[in-house]
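File shown: start28.txt. Contents: compact mmCIF, C-alpha atoms.
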# COMPACT_ATOMS: atom_id res chain seq x y z
CA MET A 774 0.00 0.00 0.00
CA THR A 775 1.24 3.50 -0.80
CA LYS A 776 0.67 6.90 0.79
CA ASP A 777 1.15 10.13 -1.13
CA LYS A 778 3.43 12.71 0.45
CA ILE A 779 3.26 16.28 -0.82
CA SER A 780 6.09 18.54 0.25
CA ASN A 781 6.52 22.22 -0.56
CA ASN A 782 8.94 25.10 -0.27
CA ILE A 783 6.42 27.88 0.34
CA ARG A 784 8.31 29.15 3.38
CA LYS A 785 11.56 29.45 1.43
CA LEU A 786 9.81 31.18 -1.48
CA ARG A 787 8.08 33.63 0.87
CA PHE A 788 11.43 34.75 2.25
CA GLU A 789 12.87 35.02 -1.24
CA HIS A 790 10.01 37.32 -2.20
CA ASP A 791 10.77 40.27 0.10
CA GLU A 792 9.98 38.25 3.23
CA MET A 793 6.33 38.07 2.33
CA THR A 794 4.16 37.45 5.39
CA GLN A 795 1.88 34.45 5.74
CA GLN A 796 -1.10 36.82 5.87
CA GLY A 797 0.15 38.57 2.74
CA LEU A 798 0.33 35.30 0.83
CA ALA A 799 -3.04 34.18 2.22
CA ASP A 800 -4.69 37.41 1.04
CA GLN A 801 -3.22 37.01 -2.45
CA VAL A 802 -4.30 33.40 -2.92
CA GLY A 803 -7.65 33.66 -1.13
CA CYS A 804 -7.24 31.49 1.93
CA THR A 805 -6.71 31.95 5.67
CA ARG A 806 -3.32 32.41 7.35
CA GLN A 807 -3.99 29.16 9.27
CA THR A 808 -4.08 27.29 5.97
CA ILE A 809 -0.72 28.77 4.92
CA ILE A 810 0.72 27.68 8.30
CA ALA A 811 -0.74 24.17 7.80
CA LEU A 812 0.69 24.01 4.27
CA GLU A 813 4.17 25.09 5.36
CA GLN A 814 4.20 22.42 8.06
CA GLU A 815 2.82 19.84 5.60
CA LYS A 816 -0.28 19.21 7.67
CA TYR A 817 -2.61 19.92 4.77
CA VAL A 818 -2.50 19.08 1.07
CA PRO A 819 -3.96 21.95 -1.00
CA SER A 820 -6.46 21.65 -3.80
CA LEU A 821 -5.10 21.91 -7.32
CA GLY A 822 -6.59 25.39 -7.64
CA LEU A 823 -4.89 26.68 -4.49
CA ALA A 824 -1.59 25.07 -5.54
CA PHE A 825 -1.73 26.90 -8.89
CA ARG A 826 -2.61 30.22 -7.23
CA ILE A 827 0.33 29.91 -4.81
CA ALA A 828 2.71 29.06 -7.67
CA ARG A 829 1.43 32.03 -9.68
CA VAL A 830 2.05 34.46 -6.79
CA PHE A 831 5.69 33.36 -6.72
CA GLY A 832 5.97 33.28 -10.51
CA GLU A 833 6.92 29.61 -10.45
CA TYR A 834 5.57 26.37 -11.92
CA VAL A 835 3.56 24.17 -9.55
CA ASP A 836 6.31 21.53 -9.79
CA ASP A 837 8.83 24.04 -8.45
CA VAL A 838 6.69 24.84 -5.40
CA PHE A 839 5.30 21.42 -4.60
CA GLY A 840 7.09 18.08 -4.56
CA TYR A 841 5.55 14.64 -4.72
CA ARG A 842 6.92 11.41 -3.39
CA GLU A 843 5.32 8.04 -2.96
CA GLN A 844 5.78 6.34 0.40
CA LEU A 845 5.33 2.67 1.11
CA TRP A 846 3.36 1.95 4.29
CA MET B 428 -9.04 29.07 17.53
CA ASN B 429 -11.50 29.69 14.72
CA GLN B 430 -15.29 29.83 14.75
CA ALA B 431 -15.76 26.13 13.88
CA GLN B 432 -13.49 25.02 16.75
CA ILE B 433 -15.17 27.33 19.28
CA ARG B 434 -18.61 26.13 18.16
CA SER B 435 -17.50 22.49 18.40
CA ILE B 436 -16.33 22.96 22.00
CA TYR B 437 -19.63 24.61 22.97
CA CYS B 438 -21.55 21.95 21.05
CA LEU B 439 -19.72 19.21 22.92
CA ALA B 440 -20.52 20.84 26.28
CA ILE B 441 -24.20 21.49 25.45
CA TRP B 442 -25.07 18.10 23.95
CA GLY B 443 -22.87 16.20 26.41
CA THR B 444 -24.84 17.80 29.26
CA VAL B 445 -28.18 17.12 27.55
CA ALA B 446 -27.19 13.47 26.95
CA LEU B 447 -26.09 12.98 30.56
CA ALA B 448 -29.29 14.55 31.88
CA PHE B 449 -31.37 12.40 29.55
CA CYS B 450 -29.55 9.22 30.63
CA GLY B 451 -30.22 10.20 34.26
CA VAL B 452 -33.93 10.65 33.60
CA PHE B 453 -34.13 7.51 31.47
CA PHE B 454 -32.22 4.99 33.56
CA LEU B 455 -33.12 6.16 37.06
CA ARG B 456 -36.57 5.98 38.70
CA GLY B 457 -38.09 2.92 37.03
CA GLY B 458 -35.63 2.42 34.20
CA PRO B 459 -36.39 1.94 30.52
CA GLU B 460 -39.34 -0.41 31.11
CA GLY B 461 -41.46 2.22 32.81
CA PHE B 462 -40.34 5.24 30.78
CA ALA B 463 -43.03 5.17 28.07
CA GLY B 464 -45.82 5.15 30.70
CA ASP B 465 -44.30 7.83 32.93
CA SER B 466 -45.55 11.19 31.65
CA LEU B 467 -43.41 13.14 34.16
CA ARG B 468 -40.17 11.60 32.88
CA ILE B 469 -41.26 12.11 29.25
CA LEU B 470 -41.94 15.77 30.06
CA ILE B 471 -38.54 16.19 31.78
CA ALA B 472 -36.79 14.59 28.77
CA ALA B 473 -38.65 16.89 26.37
CA LEU B 474 -37.74 19.94 28.47
CA ASP B 475 -34.13 18.75 28.60
CA PHE B 476 -33.99 18.60 24.79
CA GLY B 477 -35.93 21.81 24.32
CA PHE B 478 -33.50 23.60 26.63
CA GLY B 479 -30.57 22.01 24.80
CA TYR B 480 -31.78 23.25 21.40
CA LEU B 481 -32.50 26.70 22.81
CA VAL B 482 -28.97 27.03 24.23
CA TYR B 483 -27.52 25.59 21.00
CA ILE B 484 -29.34 28.14 18.79
CA LEU B 485 -28.32 30.92 21.17
CA MET B 486 -24.69 29.74 21.01
CA LEU B 487 -24.78 29.75 17.17
CA LYS B 488 -26.11 33.30 17.23
CA LEU B 489 -23.54 34.53 19.77
CA THR B 490 -20.55 32.95 18.02
CA ARG B 491 -21.52 34.27 14.57
CA LYS B 492 -18.75 36.36 13.05
CA LYS B 493 -19.54 39.67 11.43
CA SER B 494 -19.40 39.50 7.61
CA SER B 495 -18.11 43.08 7.47
CA SER B 496 -14.71 41.88 8.66
CA THR B 497 -12.08 42.00 5.88
CA ALA B 498 -10.24 38.87 7.05
CA MET B 499 -11.31 35.61 5.44
CA LEU B 500 -13.17 33.43 7.95
CA GLN B 501 -13.24 30.11 6.10
CA ASP B 502 -11.46 28.53 3.17
CA GLU B 503 -11.07 25.17 1.45
CA ARG B 504 -9.35 23.57 4.48
CA ASP B 505 -12.32 24.44 6.72
CA HIS B 506 -14.72 23.10 4.09
CA GLU B 507 -12.69 19.89 3.80
CA ILE B 508 -12.77 19.44 7.58
CA ALA B 509 -16.53 20.09 7.66
CA ARG B 510 -17.08 17.61 4.81
CA ARG B 511 -15.06 14.89 6.56
CA ALA B 512 -16.75 15.56 9.92
CA ASN B 513 -20.21 15.35 8.31
CA GLY B 514 -19.36 12.05 6.64
CA THR B 515 -17.87 10.52 9.78
CA ALA B 516 -20.82 11.66 11.90
CA LEU B 517 -23.32 10.17 9.44
CA VAL B 518 -21.57 6.78 9.35
CA SER B 519 -21.14 6.82 13.17
CA VAL B 520 -24.84 7.54 13.73
CA MET B 521 -25.89 4.75 11.36
CA THR B 522 -23.46 2.34 13.06
CA PHE B 523 -24.73 3.41 16.51
CA ILE B 524 -28.37 2.77 15.51
CA PHE B 525 -27.46 -0.56 13.95
CA ILE B 526 -25.50 -1.78 16.99
CA LEU B 527 -28.12 -0.59 19.51
CA SER B 528 -30.91 -2.20 17.47
CA ILE B 529 -29.03 -5.49 17.32
CA ILE B 530 -28.33 -5.39 21.09
CA LEU B 531 -32.00 -4.67 21.85
CA PHE B 532 -33.12 -7.42 19.48
CA THR B 533 -30.76 -9.93 21.10
CA LEU B 534 -31.83 -8.93 24.64
CA PHE B 535 -35.58 -8.99 24.00
CA GLN B 536 -35.80 -11.67 21.31
CA ASP B 537 -37.04 -14.35 23.72
CA LEU B 538 -39.64 -12.06 25.30
CA GLY B 539 -41.13 -11.21 21.93
CA VAL B 540 -41.78 -7.58 22.97
CA LEU B 541 -39.56 -4.54 23.29
CA PRO B 542 -40.35 -1.92 25.97
CA ALA B 543 -41.37 1.26 24.12
CA GLY B 544 -39.04 3.24 26.39
CA TRP B 545 -36.08 1.99 24.37
CA LEU B 546 -37.47 3.67 21.26
CA TRP B 547 -37.50 6.97 23.16
CA PHE B 548 -33.89 6.31 24.10
CA LEU B 549 -32.98 5.52 20.49
CA ALA B 550 -34.61 8.72 19.24
CA TYR B 551 -33.31 11.13 21.89
CA PHE B 552 -29.85 9.73 22.41
CA THR B 553 -29.13 9.44 18.67
CA SER B 554 -29.70 13.20 18.30
CA CYS B 555 -27.17 13.94 21.04
CA PHE B 556 -24.77 11.33 19.71
CA ALA B 557 -24.78 12.93 16.23
CA TYR B 558 -23.89 16.38 17.60
CA ILE B 559 -21.23 14.98 19.95
CA VAL B 560 -19.51 12.86 17.27
CA HIS B 561 -19.53 15.76 14.81
CA ALA B 562 -17.94 18.07 17.40
CA VAL B 563 -15.29 15.54 18.44
CA VAL B 564 -14.33 14.73 14.82
CA THR B 565 -14.18 18.43 13.92
CA LEU B 566 -11.84 19.17 16.84
CA PHE B 567 -9.70 16.13 16.02
CA LEU B 568 -9.37 17.10 12.35
CA TYR B 569 -8.44 20.68 13.20
CA ARG B 570 -5.74 19.29 15.48
CA GLU B 571 -4.44 17.01 12.72
CA MET B 572 -4.68 19.50 9.86
CA SER B 573 -3.31 22.61 11.59
CA GLY B 574 0.26 23.76 12.05
CA ASN B 575 1.78 25.46 15.08
CA ASP B 576 1.64 29.23 14.87

Can you give me the file's structure in the form of structure tokens?
Amino acid sequence: MTKDKISNNIRKLRFEHDEMTQQGLADQVGCTRQTIIALEQEKYVPSLGLAFRIARVFGEYVDDVFGYREQLW
Amino acid sequence: MNQAQIRSIYCLAIWGTVALAFCGVFFLRGGPEGFAGDSLRILIAALDFGFGYLVYILMLKLTRKKSSSTAMLQDERDHEIARRANGTALVSVMTFIFILSIILFTLFQDLGVLPAGWLWFLAYFTSCFAYIVHAVVTLFLYREMSGND
């Protein structure tokens, strides 16, 4: 059995973009700051729409923001 | 803590209290066998639930956030948690009814009759159970799907 693991480098990208705040990013992508916190700590996997919006804010491709790896249970 | 978490904590307290009070009324003073014929206990149970719903509606009104606020109150994560909590609560309630029905059938199969009081218990307690399970699952999912600030 496999379990999908989605990682991301949102935190790193925020700091590379003029130390953007979590609230600032949340406002731009249309979600709450709590969701950005959950995403950064990999407690929540975003919808495809939210993933694309986050990537667009940073001017990156989704693949460059989010990583996927398959884990065996 | 957001609105959904605060409401879940209040919901747990309200319906937990209502369920405990109902169990007290139902199991004490004559037990389930005499419940259906005891109009005083039926009235107390009805008042218990009526009071519970009144406090619950009041709580929903008091914890309502103003829509004029510029900050976003809910997003896809909250909706995902609500969707999962609804699904889990529905399955839990159906399982609870199934198990209780089977237990009652097994206990009273030889007698051929089931005291009507148990049907009151099934109706009232299932309502409380649904609210309690929904609140517990919501709080659990927020704990699992939230990061540390």

Do a neighbour search on A:Tyr817 at 8 Å with all atoms listed in the file, toss out local chain neighbours closer than 2 positions, and write the hits as a compact mmCIF listing (two decimals) with C-alpha atoms, keeping the file's coordinate frame.
# COMPACT_ATOMS: atom_id res chain seq x y z
CA THR A 808 -4.08 27.29 5.97
CA ALA A 811 -0.74 24.17 7.80
CA LEU A 812 0.69 24.01 4.27
CA GLN A 814 4.20 22.42 8.06
CA GLU A 815 2.82 19.84 5.60
CA PRO A 819 -3.96 21.95 -1.00
CA ARG B 504 -9.35 23.57 4.48
CA MET B 572 -4.68 19.50 9.86
CA SER B 573 -3.31 22.61 11.59

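Reported to one decimal place, the separation of atom CA of A:Val802 from atom CA of A:Glu833 is 14.0 Å.
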
For chain B, report every residue with an atom at most 12 Å from chain A (counting all atoms listed in the file), formatted as JSON, numbers by chain.
{"B": [428, 429, 497, 498, 499, 500, 501, 502, 503, 504, 505, 506, 507, 508, 568, 569, 570, 571, 572, 573, 574, 575, 576]}

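If you count all atoms listed in the file and ignore residues fewer than 2 places along the chain from stretch 474-486 of chain B, what sits within 8 Å of it is Arg434, Tyr437, Cys438, Ile441, Trp442, Val445, Ala448, Phe449, Leu470, Ile471, Ala472, Lys488, Leu489 and Thr490 of chain B.
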
Store the residues of this selection in a file with C-alpha atoms, as a short mmCIF file (atom, residue, chain, number, x, y, z; two decimals), in the coordinates of the input.
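Output file selection.cif is given in full below:
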data_model
loop_
_atom_site.label_atom_id
_atom_site.label_comp_id
_atom_site.auth_asym_id
_atom_site.auth_seq_id
_atom_site.Cartn_x
_atom_site.Cartn_y
_atom_site.Cartn_z
CA ARG B 434 -18.61 26.13 18.16
CA TYR B 437 -19.63 24.61 22.97
CA CYS B 438 -21.55 21.95 21.05
CA ILE B 441 -24.20 21.49 25.45
CA TRP B 442 -25.07 18.10 23.95
CA VAL B 445 -28.18 17.12 27.55
CA ALA B 448 -29.29 14.55 31.88
CA PHE B 449 -31.37 12.40 29.55
CA LEU B 470 -41.94 15.77 30.06
CA ILE B 471 -38.54 16.19 31.78
CA ALA B 472 -36.79 14.59 28.77
CA LYS B 488 -26.11 33.30 17.23
CA LEU B 489 -23.54 34.53 19.77
CA THR B 490 -20.55 32.95 18.02
#

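Distance-wise, atom CA of B:Gly443 and atom CA of B:Leu546 end up 19.9 Å apart.
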
B:Phe453 surroundings by only C-alpha atoms, 7 Å radius, close-in-sequence under 5 positions cut, as JSON, numbers by chain:
{"B": [458, 459, 462]}

Please produce a file of the residues just selected, as an mmCIF file, keeping the file's coordinate frame, where the atoms kept are C-alpha atoms.
data_model
loop_
_atom_site.group_PDB
_atom_site.id
_atom_site.type_symbol
_atom_site.label_atom_id
_atom_site.label_comp_id
_atom_site.auth_asym_id
_atom_site.auth_seq_id
_atom_site.Cartn_x
_atom_site.Cartn_y
_atom_site.Cartn_z
ATOM 1 C CA GLY B 458 -35.630 2.420 34.200
ATOM 2 C CA PRO B 459 -36.390 1.940 30.520
ATOM 3 C CA PHE B 462 -40.340 5.240 30.780
#

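For the atom pair formed by atom CA of B:Phe532 and atom CA of B:Ile559, the distance is 25.4 Å, given to one decimal.
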
Pick from A:Lys778, A:Gln844, A:Phe839, A:Gln801 nearest to A:Arg826, counting all atoms listed in the file:
A:Gln801

When you look at stretch 779-781 of chain A with a cut-off of 6 Å (counting all atoms listed in the file), what residues show up, excluding the ones that are within fewer than 6 positions of it in the same chain? I need them as a PyMOL selection string.
chain A and resi 838-841

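In terms of minimum interatomic distance to B:Thr444, B:Cys555 ranks closest within B:Ala509, B:Ala516, B:Cys555, B:Val564, counting only C-alpha atoms.
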
Measuring atom to atom with only C-alpha atoms, identify which of A:Leu798, A:His790, A:Val835, A:Glu843 is nearest to A:Gly822.
A:Val835

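Minimum distance to A:Phe825 across A:Arg842, A:Asp777, A:Asp791, A:Asp837 (counting all atoms listed in the file) occurs at A:Asp837.
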